[in-house]
$ cat my_file-v4.tsv   # TSV, C-alpha atoms and all ligand atoms
chain	number	residue	atom	x	y	z
Z	1	MET	CA	18.64	2.15	11.17
Z	2	GLY	CA	17.67	1.33	7.59
Z	3	ARG	CA	14.11	1.20	6.35
Z	4	LYS	CA	12.67	-2.32	6.54
Z	5	PHE	CA	11.49	-3.56	3.14
Z	6	VAL	CA	7.70	-3.89	3.17
Z	7	VAL	CA	5.70	-5.77	0.57
Z	8	GLY	CA	1.93	-5.51	0.39
Z	9	GLY	CA	-0.27	-7.86	-1.57
Z	10	ASN	CA	-3.49	-6.12	-2.56
Z	11	TRP	CA	-5.90	-8.85	-3.60
Z	12	LYS	CA	-8.52	-6.25	-4.63
Z	13	MET	CA	-11.94	-7.88	-5.19
Z	14	ASN	CA	-10.50	-11.33	-5.89
Z	15	GLY	CA	-10.45	-14.67	-4.16
Z	16	ASP	CA	-12.79	-17.19	-2.60
Z	17	LYS	CA	-12.02	-19.53	0.29
Z	18	ASN	CA	-10.38	-22.10	-1.99
Z	19	GLN	CA	-8.12	-19.56	-3.61
Z	20	ILE	CA	-7.36	-17.91	-0.27
Z	21	ASN	CA	-6.30	-21.29	1.17
Z	22	GLU	CA	-3.94	-21.76	-1.77
Z	23	ILE	CA	-2.43	-18.30	-1.42
Z	24	VAL	CA	-1.96	-18.65	2.33
Z	25	ASN	CA	-0.47	-22.15	2.00
Z	26	ASN	CA	1.96	-20.77	-0.53
Z	27	LEU	CA	2.96	-17.98	1.85
Z	28	LYS	CA	3.38	-20.48	4.70
Z	29	LYS	CA	5.58	-22.63	2.49
Z	30	GLY	CA	7.64	-19.56	1.50
Z	31	PRO	CA	10.27	-19.35	2.62
Z	32	LEU	CA	9.85	-15.60	3.07
Z	33	ASP	CA	12.79	-13.28	3.63
Z	34	PRO	CA	12.75	-12.63	7.41
Z	35	ASN	CA	14.04	-9.12	6.70
Z	36	ALA	CA	10.94	-8.21	4.71
Z	37	GLU	CA	7.62	-7.22	6.26
Z	38	VAL	CA	4.60	-8.71	4.47
Z	39	VAL	CA	1.04	-7.38	4.58
Z	40	ILE	CA	-1.86	-8.86	2.63
Z	41	GLY	CA	-4.83	-6.66	1.73
Z	42	VAL	CA	-7.90	-8.84	1.60
Z	43	PRO	CA	-11.58	-8.24	0.79
Z	44	ALA	CA	-13.39	-7.12	3.96
Z	45	ILE	CA	-15.63	-10.15	4.07
Z	46	TYR	CA	-12.60	-12.45	4.36
Z	47	LEU	CA	-10.58	-10.45	6.91
Z	48	ALA	CA	-11.52	-12.65	9.87
Z	49	TYR	CA	-11.08	-15.85	7.87
Z	50	VAL	CA	-7.63	-14.85	6.62
Z	51	LYS	CA	-6.62	-13.72	10.07
Z	52	SER	CA	-7.60	-17.16	11.42
Z	53	ILE	CA	-5.36	-19.06	9.01
Z	54	VAL	CA	-2.37	-16.82	8.35
Z	55	PRO	CA	0.77	-16.82	10.53
Z	56	ASN	CA	1.11	-13.84	12.87
Z	57	THR	CA	4.27	-12.77	11.09
Z	58	ILE	CA	2.14	-11.67	8.12
Z	59	GLY	CA	0.10	-8.49	8.51
Z	60	VAL	CA	-3.49	-8.37	7.34
Z	61	ALA	CA	-5.00	-5.22	5.84
Z	62	ALA	CA	-8.45	-4.07	4.86
Z	63	GLN	CA	-8.59	-2.33	1.48
Z	64	ASN	CA	-10.72	0.59	2.63
Z	65	CYS	CA	-12.63	1.85	5.65
Z	66	TRP	CA	-14.90	4.69	6.67
Z	67	LYS	CA	-13.91	7.78	8.68
Z	68	ALA	CA	-16.10	7.14	11.74
Z	69	PRO	CA	-16.17	4.34	14.32
Z	70	LYS	CA	-19.82	3.36	13.81
Z	71	GLY	CA	-23.19	4.68	12.70
Z	72	ALA	CA	-25.62	4.90	9.82
Z	73	PHE	CA	-23.18	4.29	6.95
Z	74	THR	CA	-24.71	1.37	5.09
Z	75	GLY	CA	-22.15	-0.89	3.48
Z	76	GLU	CA	-19.12	0.62	5.17
Z	77	ILE	CA	-16.69	-0.82	7.70
Z	78	SER	CA	-14.82	1.06	10.42
Z	79	PRO	CA	-11.24	0.86	11.67
Z	80	ALA	CA	-12.68	-0.35	15.00
Z	81	MET	CA	-14.27	-3.30	13.21
Z	82	ILE	CA	-11.07	-4.07	11.31
Z	83	LYS	CA	-9.19	-4.15	14.60
Z	84	ASP	CA	-11.93	-6.16	16.26
Z	85	VAL	CA	-11.40	-9.06	13.82
Z	86	GLY	CA	-7.66	-8.94	14.43
Z	87	ALA	CA	-6.37	-7.09	11.39
Z	88	ASP	CA	-4.07	-4.16	11.93
Z	89	TRP	CA	-3.61	-2.43	8.60
Z	90	VAL	CA	-5.75	-0.61	6.08
Z	91	ILE	CA	-4.96	0.48	2.53
Z	92	LEU	CA	-6.38	3.96	1.87
Z	93	GLY	CA	-6.55	6.24	-1.15
Z	94	HIS	CA	-5.91	3.51	-3.69
Z	95	SER	CA	-6.34	4.88	-7.21
Z	96	GLU	CA	-9.31	2.58	-7.76
Z	97	ARG	CA	-11.01	4.19	-4.77
Z	98	ARG	CA	-10.11	7.61	-6.10
Z	99	THR	CA	-11.17	7.05	-9.72
Z	100	ILE	CA	-14.01	4.51	-9.56
Z	101	PHE	CA	-15.52	5.61	-6.24
Z	102	GLY	CA	-14.69	9.31	-6.51
Z	103	GLU	CA	-12.62	9.65	-3.34
Z	104	LYS	CA	-10.95	13.04	-3.21
Z	105	ASP	CA	-7.80	14.06	-1.32
Z	106	ASP	CA	-9.74	15.49	1.64
Z	107	LEU	CA	-11.85	12.35	2.14
Z	108	VAL	CA	-8.76	10.15	1.90
Z	109	ALA	CA	-7.11	12.38	4.52
Z	110	GLU	CA	-10.10	12.11	6.87
Z	111	LYS	CA	-10.02	8.33	6.53
Z	112	VAL	CA	-6.28	8.23	7.19
Z	113	ALA	CA	-6.68	10.42	10.28
Z	114	HIS	CA	-9.44	8.27	11.74
Z	115	ALA	CA	-7.69	4.97	10.92
Z	116	LEU	CA	-4.51	6.15	12.65
Z	117	GLU	CA	-6.42	7.50	15.67
Z	118	SER	CA	-8.07	4.10	15.93
Z	119	GLY	CA	-4.72	2.36	16.09
Z	120	LEU	CA	-4.52	0.93	12.57
Z	121	LYS	CA	-1.41	1.15	10.43
Z	122	VAL	CA	-2.03	2.71	7.04
Z	123	ILE	CA	-0.75	2.15	3.53
Z	124	ALA	CA	-1.60	5.48	1.90
Z	125	CYS	CA	-1.60	5.46	-1.90
Z	126	ILE	CA	-0.71	8.28	-4.24
Z	127	GLY	CA	0.08	8.47	-7.94
Z	128	GLU	CA	-0.57	10.26	-11.20
Z	129	THR	CA	-2.64	9.28	-14.23
Z	130	LEU	CA	-1.13	8.89	-17.67
Z	131	GLU	CA	-2.63	12.21	-18.72
Z	132	GLU	CA	-1.04	13.93	-15.74
Z	133	ARG	CA	2.35	12.33	-16.42
Z	134	GLU	CA	2.23	13.32	-20.08
Z	135	ALA	CA	1.36	16.88	-19.06
Z	136	GLY	CA	4.49	16.95	-16.87
Z	137	LYS	CA	2.39	17.06	-13.69
Z	138	THR	CA	3.62	13.94	-11.90
Z	139	GLU	CA	5.32	15.78	-9.04
Z	140	GLU	CA	2.56	18.35	-8.72
Z	141	VAL	CA	-0.04	15.59	-8.31
Z	142	VAL	CA	1.99	13.41	-5.97
Z	143	PHE	CA	2.95	16.39	-3.79
Z	144	ARG	CA	-0.67	17.62	-3.69
Z	145	GLN	CA	-1.94	14.19	-2.65
Z	146	THR	CA	0.76	13.88	0.02
Z	147	LYS	CA	0.22	17.44	1.28
Z	148	ALA	CA	-3.41	16.59	2.02
Z	149	LEU	CA	-2.18	13.76	4.25
Z	150	LEU	CA	0.23	15.79	6.39
Z	151	PRO	CA	-2.27	17.11	8.98
Z	152	ALA	CA	-4.04	13.73	8.96
Z	153	ILE	CA	-0.84	11.89	9.80
Z	154	GLY	CA	0.51	14.41	12.31
Z	155	ASN	CA	2.99	12.64	14.59
Z	156	ASN	CA	1.93	9.21	13.43
Z	157	TRP	CA	4.41	8.69	10.59
Z	158	ALA	CA	5.76	5.52	12.21
Z	159	ASN	CA	2.42	3.88	11.41
Z	160	VAL	CA	2.28	4.98	7.77
Z	161	VAL	CA	3.70	3.51	4.59
Z	162	LEU	CA	3.32	5.56	1.41
Z	163	ALA	CA	2.62	3.68	-1.81
Z	164	TYR	CA	3.53	5.45	-5.03
Z	165	GLU	CA	1.40	3.87	-7.73
Z	166	PRO	CA	1.37	5.54	-11.13
Z	167	VAL	CA	-2.16	4.87	-12.33
Z	168	TRP	CA	-0.97	4.08	-15.86
Z	169	ALA	CA	1.10	1.19	-14.50
Z	170	ILE	CA	-1.66	-0.46	-12.48
Z	171	GLY	CA	-2.88	-3.74	-13.97
Z	172	THR	CA	-1.61	-2.72	-17.39
Z	173	GLY	CA	1.65	-4.67	-17.57
Z	174	LYS	CA	3.37	-1.29	-18.10
Z	175	THR	CA	5.69	-1.06	-15.14
Z	176	ALA	CA	7.41	2.23	-14.46
Z	177	THR	CA	11.09	1.78	-15.21
Z	178	PRO	CA	13.25	1.57	-12.09
Z	179	GLN	CA	14.58	5.03	-12.98
Z	180	GLN	CA	11.08	6.54	-13.35
Z	181	ALA	CA	9.99	5.07	-10.02
Z	182	GLN	CA	13.23	5.98	-8.24
Z	183	ASP	CA	12.99	9.57	-9.51
Z	184	VAL	CA	9.50	10.06	-8.08
Z	185	HIS	CA	10.40	8.36	-4.78
Z	186	ALA	CA	13.49	10.55	-4.43
Z	187	SER	CA	11.58	13.78	-5.20
Z	188	LEU	CA	8.86	12.79	-2.77
Z	189	ARG	CA	11.43	12.17	-0.04
Z	190	ASN	CA	12.98	15.52	-0.84
Z	191	TRP	CA	9.58	17.21	-0.68
Z	192	LEU	CA	8.86	15.50	2.66
Z	193	SER	CA	12.16	16.74	4.01
Z	194	SER	CA	11.09	20.34	3.41
Z	195	ASN	CA	7.38	19.98	4.16
Z	196	ALA	CA	7.28	17.42	6.99
Z	197	SER	CA	10.79	16.96	8.44
Z	198	PRO	CA	14.16	15.56	7.38
Z	199	ASP	CA	13.71	12.74	9.87
Z	200	ILE	CA	10.31	11.75	8.43
Z	201	ALA	CA	11.73	11.89	4.90
Z	202	GLU	CA	14.57	9.61	5.93
Z	203	THR	CA	12.49	7.05	7.81
Z	204	VAL	CA	9.18	6.77	5.95
Z	205	ARG	CA	8.91	3.73	3.73
Z	206	ILE	CA	7.74	4.34	0.18
Z	207	GLN	CA	6.44	1.36	-1.78
Z	208	TYR	CA	6.20	1.21	-5.53
Z	209	GLY	CA	3.08	-0.33	-7.07
Z	210	GLY	CA	2.06	-0.96	-10.67
Z	211	SER	CA	2.57	-4.25	-12.56
Z	212	VAL	CA	5.25	-5.52	-10.18
Z	213	THR	CA	6.20	-9.12	-10.99
Z	214	ALA	CA	8.89	-11.58	-9.96
Z	215	VAL	CA	10.72	-10.54	-13.14
Z	216	ASN	CA	10.99	-6.79	-12.48
Z	217	ALA	CA	11.00	-6.82	-8.65
Z	218	LYS	CA	14.74	-7.26	-8.16
Z	219	GLU	CA	15.71	-4.26	-10.28
Z	220	LEU	CA	13.01	-2.06	-8.77
Z	221	GLY	CA	13.82	-3.25	-5.26
Z	222	ALA	CA	17.49	-2.35	-5.72
Z	223	CYS	CA	16.66	1.37	-6.12
Z	224	PRO	CA	17.74	3.31	-3.03
Z	225	ASP	CA	14.40	5.05	-2.41
Z	226	ILE	CA	12.12	2.08	-3.15
Z	227	ASP	CA	11.37	0.42	0.19
Z	228	GLY	CA	8.95	-2.25	-0.95
Z	229	PHE	CA	6.03	-2.90	-3.25
Z	230	LEU	CA	2.27	-2.81	-3.31
Z	231	VAL	CA	1.42	-5.72	-5.57
Z	232	GLY	CA	-1.95	-6.35	-7.19
Z	233	GLY	CA	-2.32	-9.17	-9.73
Z	234	ALA	CA	0.90	-10.98	-8.85
Z	235	SER	CA	-0.04	-11.12	-5.16
Z	236	LEU	CA	-2.61	-13.78	-6.07
Z	237	LYS	CA	0.06	-15.99	-7.62
Z	238	PRO	CA	2.92	-18.13	-6.26
Z	239	GLU	CA	5.42	-15.56	-7.63
Z	240	PHE	CA	4.42	-13.25	-4.75
Z	241	VAL	CA	6.96	-15.14	-2.62
Z	242	ASP	CA	9.72	-14.20	-5.08
Z	243	ILE	CA	8.59	-10.56	-4.98
Z	244	VAL	CA	8.77	-10.57	-1.16
Z	245	ASN	CA	12.27	-12.03	-1.48
Z	246	ALA	CA	13.38	-9.55	-4.16
Z	247	THR	CA	16.08	-7.91	-2.06
Z	248	GLN	CA	17.45	-11.11	-0.54
U	1	LIG	O1	-2.46	-2.04	-5.19
U	1	LIG	C1	-1.85	-2.55	-6.14
U	1	LIG	C2	-1.74	-1.86	-7.41
U	1	LIG	O2	-2.94	-1.34	-7.83
U	1	LIG	C3	-0.97	-2.59	-8.45
U	1	LIG	O3	-1.76	-3.53	-9.13
U	1	LIG	P1	-1.04	-4.47	-10.22
U	1	LIG	O4	0.17	-5.07	-9.55
U	1	LIG	O5	-2.05	-5.49	-10.60
U	1	LIG	O6	-0.63	-3.57	-11.35
$ encode --input "my_file-v4.tsv" --output "structure tokens" --more "lines below"
Ligand SMILES: O=C[C@H](O)COP(=O)(O)O
Amino acid sequence: MGRKFVVGGNWKMNGDKNQINEIVNNLKKGPLDPNAEVVIGVPAIYLAYVKSIVPNTIGVAAQNCWKAPKGAFTGEISPAMIKDVGADWVILGHSERRTIFGEKDDLVAEKVAHALESGLKVIACIGETLEEREAGKTEEVVFRQTKALLPAIGNNWANVVLAYEPVWAIGTGKTATPQQAQDVHASLRNWLSSNASPDIAETVRIQYGGSVTAVNAKELGACPDIDGFLVGGASLKPEFVDIVNATQ
């Protein structure tokens, strides 16, 4: 069976109730490709609100969580809490968490492990900086970040989507070319085949993220190893529907 196209909208720290109503109404109006899975990543404080107004066909994700179910971790939220308000996904290891908040591979892995154990599905993000790409280290970085996730994911690959997001393409308007993205996705799949299993490599969905728009989504989405997108800025706009429908 083929890999189902999966499009995530990562709102980051954007939106208020008015804007959220507009975004959700736009998604309800669609129409959305029934063959695409859609997950929206919303600020934690709005998870319950979004869950209460969005159709059940659209997944709702937190954008981060902590690695324990409860306790003295001021300001954090747990996978148990995310599930308790009805959401079933979490985005982990986003480059903004890694660079701005200093999250290292091992912490991301611990969070992924706990989120999966708690029954959440995970969008796990990886990707190189511009400096790393220019130094020819793209594969080294992406493989290192993925390697850290292997023991955390264990037998839970069915509940994981990988998101390859080159940091230099995030919010910059500089999209990776379809060939650049396809090349990394294909090498990652190849690496997974040797380091996880051929079956995992074949079935895991790998999203591309970084300045995806309605204009470039079709060409990117047509690449054989690109199984969806993780969309930032454009997920707040009506064009998100066209991105979801990119492979229709
Ligand atoms: O999680 C989404 C990515 O950071 C991409 O953001 P962007 O589409 O605004 O470049």
$ residues_near_ligand --input "my_file-v4.tsv" --ligand "ligand LIG 1 (chain U)" --cutoff "10 Å" --atoms "only C-alpha atoms and all ligand atoms" --output "mmCIF file with C-alpha atoms, in the coordinates of the input"
data_model
loop_
_atom_site.group_PDB
_atom_site.id
_atom_site.type_symbol
_atom_site.label_atom_id
_atom_site.label_comp_id
_atom_site.auth_asym_id
_atom_site.auth_seq_id
_atom_site.Cartn_x
_atom_site.Cartn_y
_atom_site.Cartn_z
ATOM 1 C CA GLY Z 8 1.930 -5.510 0.390
ATOM 2 C CA GLY Z 9 -0.270 -7.860 -1.570
ATOM 3 C CA ASN Z 10 -3.490 -6.120 -2.560
ATOM 4 C CA TRP Z 11 -5.900 -8.850 -3.600
ATOM 5 C CA LYS Z 12 -8.520 -6.250 -4.630
ATOM 6 C CA GLY Z 41 -4.830 -6.660 1.730
ATOM 7 C CA GLN Z 63 -8.590 -2.330 1.480
ATOM 8 C CA ILE Z 91 -4.960 0.480 2.530
ATOM 9 C CA HIS Z 94 -5.910 3.510 -3.690
ATOM 10 C CA SER Z 95 -6.340 4.880 -7.210
ATOM 11 C CA GLU Z 96 -9.310 2.580 -7.760
ATOM 12 C CA ILE Z 123 -0.750 2.150 3.530
ATOM 13 C CA CYS Z 125 -1.600 5.460 -1.900
ATOM 14 C CA ALA Z 163 2.620 3.680 -1.810
ATOM 15 C CA TYR Z 164 3.530 5.450 -5.030
ATOM 16 C CA GLU Z 165 1.400 3.870 -7.730
ATOM 17 C CA PRO Z 166 1.370 5.540 -11.130
ATOM 18 C CA VAL Z 167 -2.160 4.870 -12.330
ATOM 19 C CA TRP Z 168 -0.970 4.080 -15.860
ATOM 20 C CA ALA Z 169 1.100 1.190 -14.500
ATOM 21 C CA ILE Z 170 -1.660 -0.460 -12.480
ATOM 22 C CA GLY Z 171 -2.880 -3.740 -13.970
ATOM 23 C CA THR Z 172 -1.610 -2.720 -17.390
ATOM 24 C CA GLY Z 173 1.650 -4.670 -17.570
ATOM 25 C CA LYS Z 174 3.370 -1.290 -18.100
ATOM 26 C CA THR Z 175 5.690 -1.060 -15.140
ATOM 27 C CA TYR Z 208 6.200 1.210 -5.530
ATOM 28 C CA GLY Z 209 3.080 -0.330 -7.070
ATOM 29 C CA GLY Z 210 2.060 -0.960 -10.670
ATOM 30 C CA SER Z 211 2.570 -4.250 -12.560
ATOM 31 C CA VAL Z 212 5.250 -5.520 -10.180
ATOM 32 C CA THR Z 213 6.200 -9.120 -10.990
ATOM 33 C CA PHE Z 229 6.030 -2.900 -3.250
ATOM 34 C CA LEU Z 230 2.270 -2.810 -3.310
ATOM 35 C CA VAL Z 231 1.420 -5.720 -5.570
ATOM 36 C CA GLY Z 232 -1.950 -6.350 -7.190
ATOM 37 C CA GLY Z 233 -2.320 -9.170 -9.730
ATOM 38 C CA ALA Z 234 0.900 -10.980 -8.850
ATOM 39 C CA SER Z 235 -0.040 -11.120 -5.160
ATOM 40 C CA LEU Z 236 -2.610 -13.780 -6.070
#
$ residues_around --input "my_file-v4.tsv" --residues "Ala68 in chain Z" --least-positions-apart "5" --cutoff "8 Å" --atoms "only C-alpha atoms" --output "count of residues only"
3
$ atom_distance --input "my_file-v4.tsv" --atom1 "CA of Val215 in chain Z" --atom2 "CA of Val142 in chain Z"
26.5 Å
$ residues_around --input "my_file-v4.tsv" --residues "range 99-107 of chain Z" --least-positions-apart "6" --cutoff "9 Å" --atoms "all atoms listed in the file" --output "ChimeraX atom specification"
/Z:67,93,144-146,148-149
$ residues_near_point --input "my_file-v4.tsv" --point "(2.5, -11.0, 12.2)" --cutoff "12 Å" --atoms "all atoms listed in the file" --output "PDB file with C-alpha atoms, keeping the file's coordinate frame"
ATOM      1  CA  PRO Z  34      12.750 -12.630   7.410  1.00  0.00           C
ATOM      2  CA  ALA Z  36      10.940  -8.210   4.710  1.00  0.00           C
ATOM      3  CA  GLU Z  37       7.620  -7.220   6.260  1.00  0.00           C
ATOM      4  CA  VAL Z  38       4.600  -8.710   4.470  1.00  0.00           C
ATOM      5  CA  VAL Z  39       1.040  -7.380   4.580  1.00  0.00           C
ATOM      6  CA  ILE Z  40      -1.860  -8.860   2.630  1.00  0.00           C
ATOM      7  CA  LYS Z  51      -6.620 -13.720  10.070  1.00  0.00           C
ATOM      8  CA  SER Z  52      -7.600 -17.160  11.420  1.00  0.00           C
ATOM      9  CA  ILE Z  53      -5.360 -19.060   9.010  1.00  0.00           C
ATOM     10  CA  VAL Z  54      -2.370 -16.820   8.350  1.00  0.00           C
ATOM     11  CA  PRO Z  55       0.770 -16.820  10.530  1.00  0.00           C
ATOM     12  CA  ASN Z  56       1.110 -13.840  12.870  1.00  0.00           C
ATOM     13  CA  THR Z  57       4.270 -12.770  11.090  1.00  0.00           C
ATOM     14  CA  ILE Z  58       2.140 -11.670   8.120  1.00  0.00           C
ATOM     15  CA  GLY Z  59       0.100  -8.490   8.510  1.00  0.00           C
ATOM     16  CA  VAL Z  60      -3.490  -8.370   7.340  1.00  0.00           C
ATOM     17  CA  ALA Z  61      -5.000  -5.220   5.840  1.00  0.00           C
ATOM     18  CA  GLY Z  86      -7.660  -8.940  14.430  1.00  0.00           C
ATOM     19  CA  ALA Z  87      -6.370  -7.090  11.390  1.00  0.00           C
ATOM     20  CA  ASP Z  88      -4.070  -4.160  11.930  1.00  0.00           C
ATOM     21  CA  TRP Z  89      -3.610  -2.430   8.600  1.00  0.00           C
TER      22      TRP Z  89
END
$ closest_residue --input "my_file-v4.tsv" --among "Z:Ile23, Z:Ile82, Z:Leu162, Z:Val90" --to "Lys237 in chain Z" --atoms "all atoms listed in the file"
Z:Ile23
$ closest_residue --input "my_file-v4.tsv" --among "Z:Glu134, Z:Asp33, Z:Glu219, Z:Asp225" --to "Glu202 in chain Z" --atoms "only C-alpha atoms"
Z:Asp225
$ axis_aligned_box --input "my_file-v4.tsv" --around "range 19-27 of chain Z" --padding-each-side "6 Å" --output "AutoDock Vina command-line options"
--center_x -2.6 --center_y -20.0 --center_z -0.6 --size_x 23.1 --size_y 16.2 --size_z 17.9
$ closest_residue --input "my_file-v4.tsv" --among "Z:Val160, Z:Ile226, Z:Leu220, Z:Ala152" --to "Ser187 in chain Z" --atoms "only C-alpha atoms"
Z:Ile226
$ atom_distance --input "my_file-v4.tsv" --atom1 "CA of Leu188 in chain Z" --atom2 "CA of Arg133 in chain Z"
15.1 Å
$ atom_distance --input "my_file-v4.tsv" --atom1 "CA of Asn195 in chain Z" --atom2 "CA of Leu120 in chain Z"
24.0 Å
$ residues_near_point --input "my_file-v4.tsv" --point "(6.4, 19.2, -9.5)" --cutoff "12 Å" --atoms "only C-alpha atoms" --output "list in words"
Glu128, Glu132, Arg133, Ala135, Gly136, Lys137, Thr138, Glu139, Glu140, Val141, Val142, Phe143, Arg144, Gln145, Asp183, Val184, Ser187, Leu188, Asn190 and Trp191 of chain Z
$ closest_residue --input "my_file-v4.tsv" --among "Z:Leu32, Z:Val204, Z:Val85, Z:Cys65" --to "Leu116 in chain Z" --atoms "all atoms listed in the file"
Z:Cys65
$ closest_residue --input "my_file-v4.tsv" --among "Z:Glu131, Z:Ala196, Z:Val244, Z:Pro238" --to "Lys218 in chain Z" --atoms "all atoms listed in the file"
Z:Val244
$ closest_residue --input "my_file-v4.tsv" --among "Z:Val161, Z:Leu150, Z:Val108, Z:Leu47" --to "Ala62 in chain Z" --atoms "all atoms listed in the file"
Z:Leu47
